[in-house]
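Below is the file protein.cif, which contains mmCIF, C-alpha atoms.
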data_upload
#
loop_
_atom_site.label_atom_id
_atom_site.label_comp_id
_atom_site.auth_asym_id
_atom_site.auth_seq_id
_atom_site.Cartn_x
_atom_site.Cartn_y
_atom_site.Cartn_z
CA MET A 1 9.97 65.00 119.39
CA ARG A 2 6.82 65.06 117.23
CA TYR A 3 7.16 64.28 113.52
CA TRP A 4 6.24 67.82 112.42
CA ASP A 5 8.71 69.36 114.88
CA ARG A 6 11.48 67.08 113.63
CA MET A 7 10.70 67.92 109.98
CA LEU A 8 10.65 71.64 110.81
CA GLU A 9 14.00 71.37 112.56
CA LYS A 10 15.54 69.60 109.54
CA ALA A 11 14.12 72.14 107.07
CA THR A 12 15.27 75.01 109.27
CA ALA A 13 18.79 73.58 109.56
CA GLU A 14 19.01 73.19 105.77
CA ARG A 15 17.84 76.76 105.13
CA LEU A 16 20.36 78.06 107.68
CA ARG A 17 23.17 76.17 105.96
CA GLN A 18 22.16 77.78 102.66
CA LEU A 19 22.17 81.27 104.20
CA LEU A 20 25.58 80.81 105.82
CA GLY A 21 26.95 79.16 102.68
CA SER A 22 25.97 82.20 100.60
CA VAL A 23 28.70 84.23 102.34
CA SER A 24 31.75 83.20 100.31
CA TRP A 25 34.39 84.26 102.84
CA LEU A 26 32.71 82.58 105.83
CA ARG A 27 34.46 79.30 106.57
CA GLY A 28 34.55 76.58 109.19
CA TRP A 29 31.01 76.90 110.52
CA THR A 30 28.80 73.98 111.63
CA VAL A 31 25.06 73.54 112.12
CA GLU A 32 23.89 70.77 114.44
CA ARG A 33 21.17 69.88 116.91
CA ALA A 34 21.60 71.57 120.27
CA PRO A 35 23.05 69.04 122.77
CA SER A 36 20.62 68.17 125.53
CA ARG A 37 23.05 69.30 128.23
CA GLN A 38 23.16 72.71 126.60
CA ASP A 39 19.56 72.85 125.53
CA GLU A 40 17.70 75.72 127.19
CA GLY A 41 14.86 75.66 124.71
CA PHE A 42 17.05 76.05 121.63
CA ASP A 43 16.85 73.51 118.80
CA LEU A 44 19.96 74.17 116.73
CA LEU A 45 23.52 75.18 117.54
CA VAL A 46 25.80 76.96 115.07
CA ARG A 47 29.49 77.36 115.76
CA LEU A 48 31.50 79.83 113.72
CA THR A 49 34.50 82.13 113.85
CA VAL A 50 34.43 85.56 112.23
CA CYS A 51 37.47 87.75 111.55
CA ASN A 52 39.75 85.76 113.89
CA ARG A 53 37.55 86.64 116.86
CA GLU A 54 36.69 84.23 119.63
CA PRO A 55 34.32 81.43 118.55
CA ILE A 56 30.66 82.49 118.42
CA GLN A 57 27.54 80.39 118.94
CA LEU A 58 24.23 80.97 117.19
CA LEU A 59 21.50 79.48 119.37
CA VAL A 60 18.48 78.83 117.18
CA GLN A 61 14.93 78.28 118.37
CA CYS A 62 12.33 76.94 115.91
CA LYS A 63 8.58 77.52 116.17
CA ALA A 64 5.92 76.34 113.75
CA ASP A 65 3.40 79.15 114.36
CA PRO A 66 5.04 82.07 116.19
CA ARG A 67 3.01 84.80 117.88
CA PRO A 68 4.56 88.17 118.77
CA SER A 69 2.60 88.24 122.03
CA ARG A 70 4.39 85.10 123.27
CA PHE A 71 7.91 86.14 122.31
CA PRO A 72 10.46 85.43 123.68
CA TYR A 73 9.44 81.88 124.43
CA ILE A 74 12.33 81.18 126.79
CA SER A 75 14.49 82.96 129.32
CA THR A 76 17.90 83.91 127.97
CA ASN A 77 19.32 85.78 130.94
CA ALA A 78 22.14 83.28 131.41
CA LEU A 79 23.53 83.41 127.88
CA GLY A 80 27.19 84.34 127.55
CA GLY A 81 28.56 87.28 125.62
CA HIS A 82 29.60 85.13 122.64
CA SER A 83 26.14 83.75 121.98
CA VAL A 84 23.67 85.15 119.44
CA ARG A 85 20.00 84.27 119.74
CA VAL A 86 18.24 83.37 116.50
CA PHE A 87 14.53 82.76 115.95
CA ALA A 88 13.33 80.59 113.05
CA ALA A 89 9.90 79.71 111.71
CA PRO A 90 8.29 78.60 108.44
CA TYR A 91 6.97 82.17 108.04
CA ILE A 92 7.92 85.30 109.95
CA SER A 93 5.60 88.27 109.46
CA PRO A 94 6.92 91.85 109.31
CA ASN A 95 5.55 92.44 112.81
CA MET A 96 7.19 89.27 114.14
CA ALA A 97 10.48 90.38 112.57
CA ARG A 98 10.22 93.79 114.27
CA VAL A 99 9.59 92.14 117.61
CA CYS A 100 12.64 89.90 117.20
CA GLU A 101 14.88 92.83 116.33
CA GLU A 102 13.57 94.93 119.22
CA LYS A 103 14.39 92.07 121.60
CA GLY A 104 17.90 91.68 120.16
CA TRP A 105 17.27 88.43 118.28
CA SER A 106 18.32 87.54 114.76
CA TRP A 107 15.72 85.68 112.68
CA PHE A 108 15.06 83.80 109.44
CA ASP A 109 12.26 81.83 107.78
CA LEU A 110 12.06 78.98 105.31
CA ALA A 111 11.59 81.36 102.38
CA GLY A 112 15.07 82.76 103.04
CA ASN A 113 13.97 86.09 104.50
CA CYS A 114 16.38 86.86 107.30
CA ARG A 115 18.36 89.21 109.47
CA LEU A 116 21.31 87.31 110.92
CA GLU A 117 23.70 89.55 112.79
CA VAL A 118 26.87 89.04 114.75
CA PRO A 119 27.38 92.60 116.03
CA GLY A 120 30.42 94.24 114.52
CA ALA A 121 31.33 91.23 112.41
CA LEU A 122 28.56 89.78 110.23
CA LEU A 123 25.19 90.81 108.84
CA ILE A 124 23.08 88.77 106.41
CA GLU A 125 19.79 90.51 105.60
CA ARG A 126 17.30 89.45 102.94
CA LYS A 127 13.64 90.43 102.64
CA GLY A 128 10.89 90.24 100.07
CA ASN A 129 10.86 86.49 99.32
CA GLU A 130 7.32 85.15 99.02
CA PRO A 131 6.27 82.93 101.96
CA ILE A 132 6.44 79.24 101.10
CA HIS A 133 5.11 77.83 104.38
CA LYS A 134 2.67 80.44 105.65
CA GLN A 135 0.30 78.68 108.02
CA PRO A 136 -3.37 79.73 108.08
CA ARG A 137 -4.33 81.25 111.42
CA PRO A 138 -7.23 83.26 112.82
CA THR A 139 -6.99 86.86 111.72
CA ALA A 140 -9.01 90.06 111.64
CA ASN A 141 -9.63 92.32 108.68
CA LEU A 142 -8.49 95.74 109.91
CA SER A 143 -9.70 97.40 106.70
CA THR A 144 -13.44 97.06 107.41
CA ALA A 145 -15.59 99.90 108.73
CA GLU A 146 -16.51 97.85 111.80
CA SER A 147 -12.88 97.15 112.70
CA ALA A 148 -12.09 100.83 112.12
CA ARG A 149 -14.57 101.82 114.83
CA VAL A 150 -12.72 99.65 117.33
CA LEU A 151 -9.30 100.92 116.25
CA ARG A 152 -10.32 104.59 116.47
CA ALA A 153 -11.58 104.11 120.00
CA LEU A 154 -8.30 102.46 120.98
CA LEU A 155 -6.08 105.11 119.39
CA VAL A 156 -7.57 108.57 119.86
CA PRO A 157 -5.40 110.37 122.45
CA GLU A 158 -8.28 111.13 124.81
CA ASN A 159 -8.72 107.37 125.32
CA ALA A 160 -5.00 106.78 125.91
CA GLY A 161 -4.38 104.38 128.76
CA LYS A 162 -8.04 103.37 129.01
CA ARG A 163 -8.72 99.71 129.75
CA TRP A 164 -11.63 98.19 127.85
CA SER A 165 -13.73 95.13 128.36
CA GLN A 166 -14.97 93.59 125.12
CA ARG A 167 -18.58 94.36 126.05
CA GLU A 168 -17.71 97.97 126.84
CA MET A 169 -15.99 98.37 123.49
CA GLN A 170 -18.90 96.80 121.65
CA LEU A 171 -21.37 99.24 123.24
CA HIS A 172 -19.01 102.15 122.63
CA CYS A 173 -18.78 101.37 118.90
CA GLN A 174 -22.47 101.04 118.13
CA PRO A 175 -24.13 100.74 115.73
CA SER A 176 -23.15 97.79 113.57
CA VAL A 177 -20.31 96.39 115.68
CA SER A 178 -21.01 92.96 117.15
CA LEU A 179 -19.45 91.46 120.23
CA GLY A 180 -18.05 88.70 118.02
CA LEU A 181 -16.27 91.26 115.84
CA VAL A 182 -14.77 92.97 118.90
CA ASN A 183 -13.60 89.60 120.20
CA LYS A 184 -12.00 88.75 116.86
CA VAL A 185 -10.20 92.10 116.58
CA PHE A 186 -9.01 92.00 120.21
CA ARG A 187 -7.67 88.44 119.88
CA TYR A 188 -5.80 89.33 116.70
CA LEU A 189 -4.30 92.51 118.18
CA ARG A 190 -3.29 90.61 121.31
CA ASP A 191 -1.59 87.85 119.28
CA GLU A 192 0.30 90.55 117.35
CA ALA A 193 1.43 92.13 120.67
CA LEU A 194 -0.41 95.38 119.85
CA ILE A 195 -2.71 95.29 122.87
CA GLU A 196 -2.42 93.54 126.22
CA SER A 197 -4.99 91.99 128.51
CA SER A 198 -5.15 92.02 132.29
CA ASP A 199 -7.78 91.60 135.00
CA ASN A 200 -8.86 95.18 134.34
CA GLY A 201 -9.38 94.71 130.61
CA PHE A 202 -7.51 95.29 127.36
CA HIS A 203 -5.25 98.28 126.73
CA VAL A 204 -2.93 99.52 123.99
CA ILE A 205 0.77 98.66 124.46
CA ASP A 206 2.29 100.89 121.77
CA PRO A 207 -0.05 103.23 119.85
CA LEU A 208 2.53 103.85 117.12
CA LYS A 209 2.71 100.18 116.14
CA LEU A 210 -1.07 99.87 116.26
CA LEU A 211 -1.45 102.99 114.10
CA PHE A 212 1.04 101.67 111.53
CA ALA A 213 -0.73 98.29 111.39
CA TRP A 214 -4.06 100.03 110.74
CA ARG A 215 -2.48 102.45 108.28
CA GLU A 216 -1.23 99.52 106.21
CA ALA A 217 -4.74 98.06 106.02
CA TYR A 218 -6.68 101.34 105.69
CA ARG A 219 -8.78 101.72 102.51
CA PHE A 220 -8.96 105.42 101.66
CA ASP A 221 -10.35 104.49 98.23
CA ARG A 222 -13.63 103.43 99.84
CA HIS A 223 -14.49 107.09 100.41
CA ARG A 224 -16.17 108.60 97.33
CA GLN A 225 -14.52 111.84 96.26
CA ARG A 226 -16.57 114.66 94.73
CA ARG A 227 -15.09 117.78 93.09
CA TYR A 228 -16.79 121.12 93.81
CA PHE A 229 -16.14 124.79 93.17
CA THR A 230 -17.40 127.67 95.30
CA LEU A 231 -17.04 131.42 94.91
CA LYS A 232 -17.31 131.98 98.66
CA ARG A 233 -14.13 133.18 100.36
CA GLY A 234 -12.80 134.24 103.75
CA PRO A 235 -15.37 135.06 106.49
CA GLU A 236 -18.29 134.26 104.17
CA LEU A 237 -16.95 130.74 103.54
CA LYS A 238 -16.16 130.24 107.24
CA GLN A 239 -19.74 131.15 108.16
CA ALA A 240 -21.04 128.81 105.45
CA PHE A 241 -19.07 125.91 106.94
CA LEU A 242 -20.45 126.65 110.40
CA SER A 243 -23.99 126.65 108.98
CA THR A 244 -23.57 123.04 107.81
CA GLU A 245 -23.34 121.85 111.44
CA SER A 246 -27.07 122.46 111.92
CA ILE A 247 -27.75 120.63 108.65
CA THR A 248 -25.73 117.48 109.34
CA GLY A 249 -25.85 117.23 113.13
CA GLY A 250 -22.09 116.73 113.33
CA HIS A 251 -21.71 114.61 110.20
CA ALA A 252 -19.45 117.09 108.40
CA ALA A 253 -15.84 117.93 109.25
CA PHE A 254 -12.61 119.17 107.75
CA CYS A 255 -10.39 116.22 106.82
CA ALA A 256 -7.00 115.40 105.29
CA PHE A 257 -5.02 118.58 104.44
CA SER A 258 -7.67 120.96 105.81
CA ALA A 259 -7.80 119.18 109.17
CA ALA A 260 -4.00 119.08 109.27
CA ASP A 261 -3.90 122.88 108.70
CA LEU A 262 -5.56 123.24 112.10
CA GLN A 263 -3.84 120.34 113.91
CA ALA A 264 -0.24 120.54 112.62
CA PRO A 265 0.25 123.00 109.74
CA HIS A 266 2.91 121.81 107.32
CA VAL A 267 1.71 121.58 103.69
CA ARG A 268 -0.28 124.37 102.01
CA GLN A 269 -3.20 123.34 99.79
CA SER A 270 -5.32 125.38 97.39
CA ARG A 271 -8.46 123.36 98.04
CA THR A 272 -10.57 122.57 101.10
CA TRP A 273 -11.07 118.93 102.09
CA LEU A 274 -14.35 117.99 103.75
CA PHE A 275 -16.02 114.79 104.96
CA VAL A 276 -19.81 114.91 104.57
CA GLY A 277 -22.29 112.13 105.25
CA ALA A 278 -23.94 110.96 102.02
CA GLU A 279 -27.48 112.03 102.90
CA TRP A 280 -26.38 115.61 103.60
CA GLU A 281 -24.18 116.21 100.55
CA GLU A 282 -26.64 118.23 98.48
CA GLU A 283 -27.75 120.46 101.36
CA CYS A 284 -24.15 121.13 102.40
CA ALA A 285 -23.14 121.95 98.84
CA ALA A 286 -26.02 124.40 98.60
CA ALA A 287 -25.06 126.05 101.90
CA LEU A 288 -21.49 126.42 100.63
CA GLY A 289 -22.64 127.76 97.26
CA ALA A 290 -20.72 124.90 95.64
CA LYS A 291 -21.25 123.29 92.24
CA LEU A 292 -19.92 120.00 90.91
CA VAL A 293 -17.09 120.43 88.39
CA ASP A 294 -14.93 118.12 86.30
CA SER A 295 -11.71 120.04 87.03
CA GLY A 296 -10.42 123.16 88.75
CA GLU A 297 -12.16 122.41 92.01
CA ASN A 298 -11.37 124.28 95.21
CA LEU A 299 -13.50 122.04 97.42
CA ARG A 300 -13.06 118.27 97.69
CA ILE A 301 -16.00 116.56 99.42
CA LEU A 302 -15.42 112.99 100.59
CA ILE A 303 -18.43 110.77 101.21
CA PRO A 304 -17.21 108.31 103.86
CA ASP A 305 -17.89 104.60 103.70
CA ASP A 306 -18.84 104.76 107.39
CA LEU A 307 -19.90 107.60 109.71
CA GLY A 308 -17.26 106.43 112.19
CA VAL A 309 -14.86 108.94 110.57
CA PHE A 310 -16.66 111.63 112.61
CA TYR A 311 -15.74 109.96 115.92
CA GLY A 312 -13.87 112.21 118.35
CA GLN A 313 -13.74 115.22 116.04
CA GLU A 314 -11.96 118.31 117.27
CA SER A 315 -13.16 121.93 117.22
CA ASP A 316 -12.56 125.20 119.03
CA VAL A 317 -15.36 127.57 119.98
CA GLY A 318 -16.60 129.32 116.86
CA SER A 319 -14.64 127.03 114.55
CA PHE A 320 -15.73 124.26 112.21
CA ALA A 321 -14.94 120.70 113.31
CA SER A 322 -12.01 118.59 112.08
CA THR A 323 -11.59 114.84 112.05
CA ASN A 324 -9.67 113.47 115.04
CA PRO A 325 -5.88 113.50 114.44
CA VAL A 326 -5.67 109.71 114.05
CA GLN A 327 -8.27 109.83 111.26
CA THR A 328 -6.51 112.85 109.75
CA HIS A 329 -3.19 110.99 109.71
CA LEU A 330 -4.68 107.95 107.96
CA ASP A 331 -6.40 110.01 105.27
CA LEU A 332 -3.32 112.14 104.63
CA TRP A 333 -1.12 109.06 104.30
CA HIS A 334 -3.25 107.70 101.46
CA CYS A 335 -4.58 110.80 99.67
CA GLY A 336 -1.56 111.45 97.45
CA SER A 337 0.26 114.68 96.60
CA ARG A 338 2.33 115.60 99.70
CA GLY A 339 -0.01 113.73 101.99
CA GLN A 340 2.58 111.43 103.54
CA GLU A 341 4.81 114.40 104.34
CA ALA A 342 1.89 116.12 106.07
CA ALA A 343 0.97 112.88 107.86
CA GLU A 344 4.49 112.55 109.29
CA ALA A 345 4.35 116.15 110.51
CA LEU A 346 1.02 115.51 112.21
CA LEU A 347 2.40 112.37 113.84
CA ASN A 348 5.51 114.15 115.12
CA GLN A 349 3.90 117.44 116.14
CA LYS A 350 0.62 116.26 117.65
CA LEU A 351 -0.03 112.53 118.05
CA THR A 352 3.34 111.42 119.43
CA PRO A 353 3.55 114.27 122.01
CA GLU A 354 -0.01 113.57 123.20
CA TRP A 355 0.67 109.84 123.60
CA LYS A 356 3.92 110.60 125.42
CA ALA A 357 2.12 113.01 127.75
CA ARG A 358 -0.26 110.18 128.66
CA GLY A 359 2.58 107.76 129.34
CA LEU A 360 2.10 105.46 126.32
CA LEU A 361 5.46 106.12 124.66
#
Could you rewrite the structure in this file as structure tokens?
Amino acid sequence: MRYWDRMLEKATAERLRQLLGSVSWLRGWTVERAPSRQDEGFDLLVRLTVCNREPIQLLVQCKADPRPSRFPYISTNALGGHSVRVFAAPYISPNMARVCEEKGWSWFDLAGNCRLEVPGALLIERKGNEPIHKQPRPTANLSTAESARVLRALLVPENAGKRWSQREMQLHCQPSVSLGLVNKVFRYLRDEALIESSDNGFHVIDPLKLLFAWREAYRFDRHRQRRYFTLKRGPELKQAFLSTESITGGHAAFCAFSAADLQAPHVRQSRTWLFVGAEWEEECAAALGAKLVDSGENLRILIPDDLGVFYGQESDVGSFASTNPVQTHLDLWHCGSRGQEAAEALLNQKLTPEWKARGLL
């Protein structure tokens, strides 16, 4: 065994003893190295008895730099009914923890974050401790405009199930997206088990998990917000919105609450939300008869940090365009008020059914 592996095993065993020792009524347990005759890829063996039940084994596997895409690392088909599988690492990310739990594994890291469960008998769960042994590893910044172009293409329902080559994605996301950036994003998403590669290219495994990962990184504050007031109402305002399409060439669309009103109505708002490209703001405001105000606005214009927000917009004949539902969900989630409530409704009423209909959920 390499020196680092041996040190990791010792540190892991000590942390496990501390976690088990924190349960005052738990007695008679032992933590030891897994015997070679029993070793099926596990590093530590815990023996314990809970509530006078038959003895239980915790089979612990240690990894220095775990990747969700490679989990589980070993076959566990032959394990008996009184064995609990436990995964340990210096640092376990929230996504790695979710993967463990979905596969039926307990887990813990050296910071003391854990979910150790013996079904029906014992549960030790602790989260929120700062990582103390987080190893640097290649990553991708999902909050950038360039990464967002890749993520939108992967997630919009009309692309569901599509298999992409990196070159194809790079050309699809022009301008400003390099092949190197696509490669970096794809490698990161693959390591996090959010996309999968095959001979036919890369494809999304679970759009919900990918959406949530992007939602966590999304920077709504990078869009400049401008407050306007217009006296136009009803059919006159509708016609004014339609007139902006010839001004912007598709670089204006309902967003946030206003887009959700058309895609999955749930929360009523007194103002209209609109994405407009920066160079067309003044002309659009003039077409809408709108003036900048300090308060009391009924029109909120967002100047996007990247024109990618207009990708895949939706519109019916004779209606003004809305941002695609993935973009709408992200903006709602971060725009305050009852945005998260509206975002959940959009997810449940529109996005999830469309992904299910395309066989992704």
Picked residues, the PyMOL selection byres ((chain A and resi 320-336) around 7), expected as a PDB file with C-alpha atoms, in the frame of the given file:
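Contents of expr.pdb, as written:
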ATOM      1  CA  VAL A 156      -7.570 108.570 119.860  1.00  0.00           C
ATOM      2  CA  ARG A 215      -2.480 102.450 108.280  1.00  0.00           C
ATOM      3  CA  PHE A 220      -8.960 105.420 101.660  1.00  0.00           C
ATOM      4  CA  PHE A 241     -19.070 125.910 106.940  1.00  0.00           C
ATOM      5  CA  LEU A 242     -20.450 126.650 110.400  1.00  0.00           C
ATOM      6  CA  ALA A 253     -15.840 117.930 109.250  1.00  0.00           C
ATOM      7  CA  PHE A 254     -12.610 119.170 107.750  1.00  0.00           C
ATOM      8  CA  CYS A 255     -10.390 116.220 106.820  1.00  0.00           C
ATOM      9  CA  ALA A 256      -7.000 115.400 105.290  1.00  0.00           C
ATOM     10  CA  PHE A 257      -5.020 118.580 104.440  1.00  0.00           C
ATOM     11  CA  ALA A 259      -7.800 119.180 109.170  1.00  0.00           C
ATOM     12  CA  ALA A 260      -4.000 119.080 109.270  1.00  0.00           C
ATOM     13  CA  VAL A 309     -14.860 108.940 110.570  1.00  0.00           C
ATOM     14  CA  PHE A 310     -16.660 111.630 112.610  1.00  0.00           C
ATOM     15  CA  GLY A 312     -13.870 112.210 118.350  1.00  0.00           C
ATOM     16  CA  GLN A 313     -13.740 115.220 116.040  1.00  0.00           C
ATOM     17  CA  GLU A 314     -11.960 118.310 117.270  1.00  0.00           C
ATOM     18  CA  SER A 315     -13.160 121.930 117.220  1.00  0.00           C
ATOM     19  CA  GLY A 318     -16.600 129.320 116.860  1.00  0.00           C
ATOM     20  CA  SER A 319     -14.640 127.030 114.550  1.00  0.00           C
ATOM     21  CA  SER A 337       0.260 114.680  96.600  1.00  0.00           C
ATOM     22  CA  ARG A 338       2.330 115.600  99.700  1.00  0.00           C
ATOM     23  CA  GLY A 339      -0.010 113.730 101.990  1.00  0.00           C
ATOM     24  CA  GLN A 340       2.580 111.430 103.540  1.00  0.00           C
ATOM     25  CA  ALA A 342       1.890 116.120 106.070  1.00  0.00           C
ATOM     26  CA  ALA A 343       0.970 112.880 107.860  1.00  0.00           C
ATOM     27  CA  LEU A 346       1.020 115.510 112.210  1.00  0.00           C
ATOM     28  CA  LEU A 351      -0.030 112.530 118.050  1.00  0.00           C
TER      29      LEU A 351
END
Kindly resolve the PyMOL selection byres ((chain A and resi 130) around 12) on the present coordinates and return the residues as a list in words.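 Evaluating the PyMOL selection byres ((chain A and resi 130) around 12) on these coordinates yields Pro90, Tyr91, Ile92, Ser93, Asp109, Leu110, Ala111, Gly112, Asn113, Arg126, Lys127, Gly128, Asn129, Pro131, Ile132, His133 and Lys134 of chain A.
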Residues matched by the PyMOL selection byres ((chain A and resi 264) around 7), written as a ChimeraX atom specification: /A:260-263,265-266,345-346,349-350
Using the selection just defined, write its residues with C-alpha atoms as a compact mmCIF listing (two decimals), keeping the file's coordinate frame.
# COMPACT_ATOMS: atom_id res chain seq x y z
CA ALA A 260 -4.00 119.08 109.27
CA ASP A 261 -3.90 122.88 108.70
CA LEU A 262 -5.56 123.24 112.10
CA GLN A 263 -3.84 120.34 113.91
CA PRO A 265 0.25 123.00 109.74
CA HIS A 266 2.91 121.81 107.32
CA ALA A 345 4.35 116.15 110.51
CA LEU A 346 1.02 115.51 112.21
CA GLN A 349 3.90 117.44 116.14
CA LYS A 350 0.62 116.26 117.65
For Gly277 (chain A), please output as a list in words all residues within 7 Å (counting only C-alpha atoms; exclusion window: fewer than 6 positions along the same chain). His251, Ala252, Ile303, Pro304 and Leu307 of chain A
If we count all atoms listed in the file and set the cut-off at 12 Å, which residues sit around Ser69 (chain A), ignoring sequence neighbours fewer than 3 positions away in its own chain? Please answer as a VMD selection string. chain A and resid 65 to 66 72 to 73 95 to 96 99 to 100 187 to 197 205
To one decimal place, how far is CA of Ala97 (chain A) from CA of Ala213 (chain A) in Å?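 So the answer is 13.8 Å.
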Val31 (chain A) surroundings by all atoms listed in the file, 10 Å radius, close-in-sequence under 5 positions cut, as a ChimeraX atom specification: /A:13-14,16-17,20,44-48,57-58,60
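Compared by their closest atoms to Arg163 (chain A), and using only C-alpha atoms, the residues A:Gln239, A:Asn183, A:Ser198, A:Thr139 rank with A:Ser198 nearest.
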What gap, in Å, lies between CA of Glu283 (chain A) and CA of Leu237 (chain A)?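 Value for the CA of Glu283 (chain A)-CA of Leu237 (chain A) distance: 15.1 Å.
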Give me, as a count of residues only, all polymer residues having an atom no more than 12 Å from Ser270 (chain A), counting all atoms listed in the file and skipping those fewer than 5 positions away in the same chain. 9
Compare A:Thr12, A:Glu279, A:Leu155, A:Ala64 by their minimum atom-to-atom distance to Val86 (chain A), counting all atoms listed in the file, and give me the closest one.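 Using all atoms listed in the file, the shortest distance to Val86 (chain A) belongs to A:Thr12.
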The residue from A:Val118, A:Ala217, A:Leu347, A:Ile124 with the smallest atom-to-atom distance to Arg53 (chain A), counting all atoms listed in the file, is A:Val118
Scan for residues within 8 Å of the point (-20.7, 124.3, 97.9) in the coordinates of the file, using all atoms listed in the file, and reply as a compact mmCIF listing (two decimals) with C-alpha atoms, in the frame of the given file.
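File part03.txt, as written:
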# COMPACT_ATOMS: atom_id res chain seq x y z
CA TYR A 228 -16.79 121.12 93.81
CA PHE A 229 -16.14 124.79 93.17
CA THR A 230 -17.40 127.67 95.30
CA CYS A 284 -24.15 121.13 102.40
CA ALA A 285 -23.14 121.95 98.84
CA ALA A 286 -26.02 124.40 98.60
CA ALA A 287 -25.06 126.05 101.90
CA LEU A 288 -21.49 126.42 100.63
CA GLY A 289 -22.64 127.76 97.26
CA ALA A 290 -20.72 124.90 95.64
CA LYS A 291 -21.25 123.29 92.24
CA LEU A 299 -13.50 122.04 97.42
Å distance separating CA of Cys114 (chain A) from CA of Leu211 (chain A), one decimal place: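 Straight-line distance from CA of Cys114 (chain A) to CA of Leu211 (chain A) works out to 25.0 Å.
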Between A:Glu146, A:Glu125, A:Glu354, A:Glu9, single out the one closest to Val182 (chain A), counting only C-alpha atoms. A:Glu146
Pick from A:Arg6, A:Gln166, A:Gly180, A:Arg227, whichever lies nearest to Phe202 (chain A) using all atoms listed in the file: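 For Phe202 (chain A), the nearest of the given residues is A:Gln166.
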Which of these residues is nearest to Ser83 (chain A), using all atoms listed in the file: A:Val204, A:Cys62, A:Ile56, A:Leu361?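 Between A:Val204, A:Cys62, A:Ile56, A:Leu361, the residue approaching Ser83 (chain A) most closely is A:Ile56.
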Taking 5 positions as the minimum chain separation for residues in the same chain, which residues sit within 8 Å of region 172-176 of chain A when counting all atoms listed in the file? Answer as a CSV table (one decimal) with C-alpha atoms, in the frame of the given file.
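Writing the result to result.csv gives the following:
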chain,number,residue,atom,x,y,z
A,146,GLU,CA,-16.5,97.8,111.8
A,149,ARG,CA,-14.6,101.8,114.8
A,150,VAL,CA,-12.7,99.6,117.3
A,153,ALA,CA,-11.6,104.1,120.0
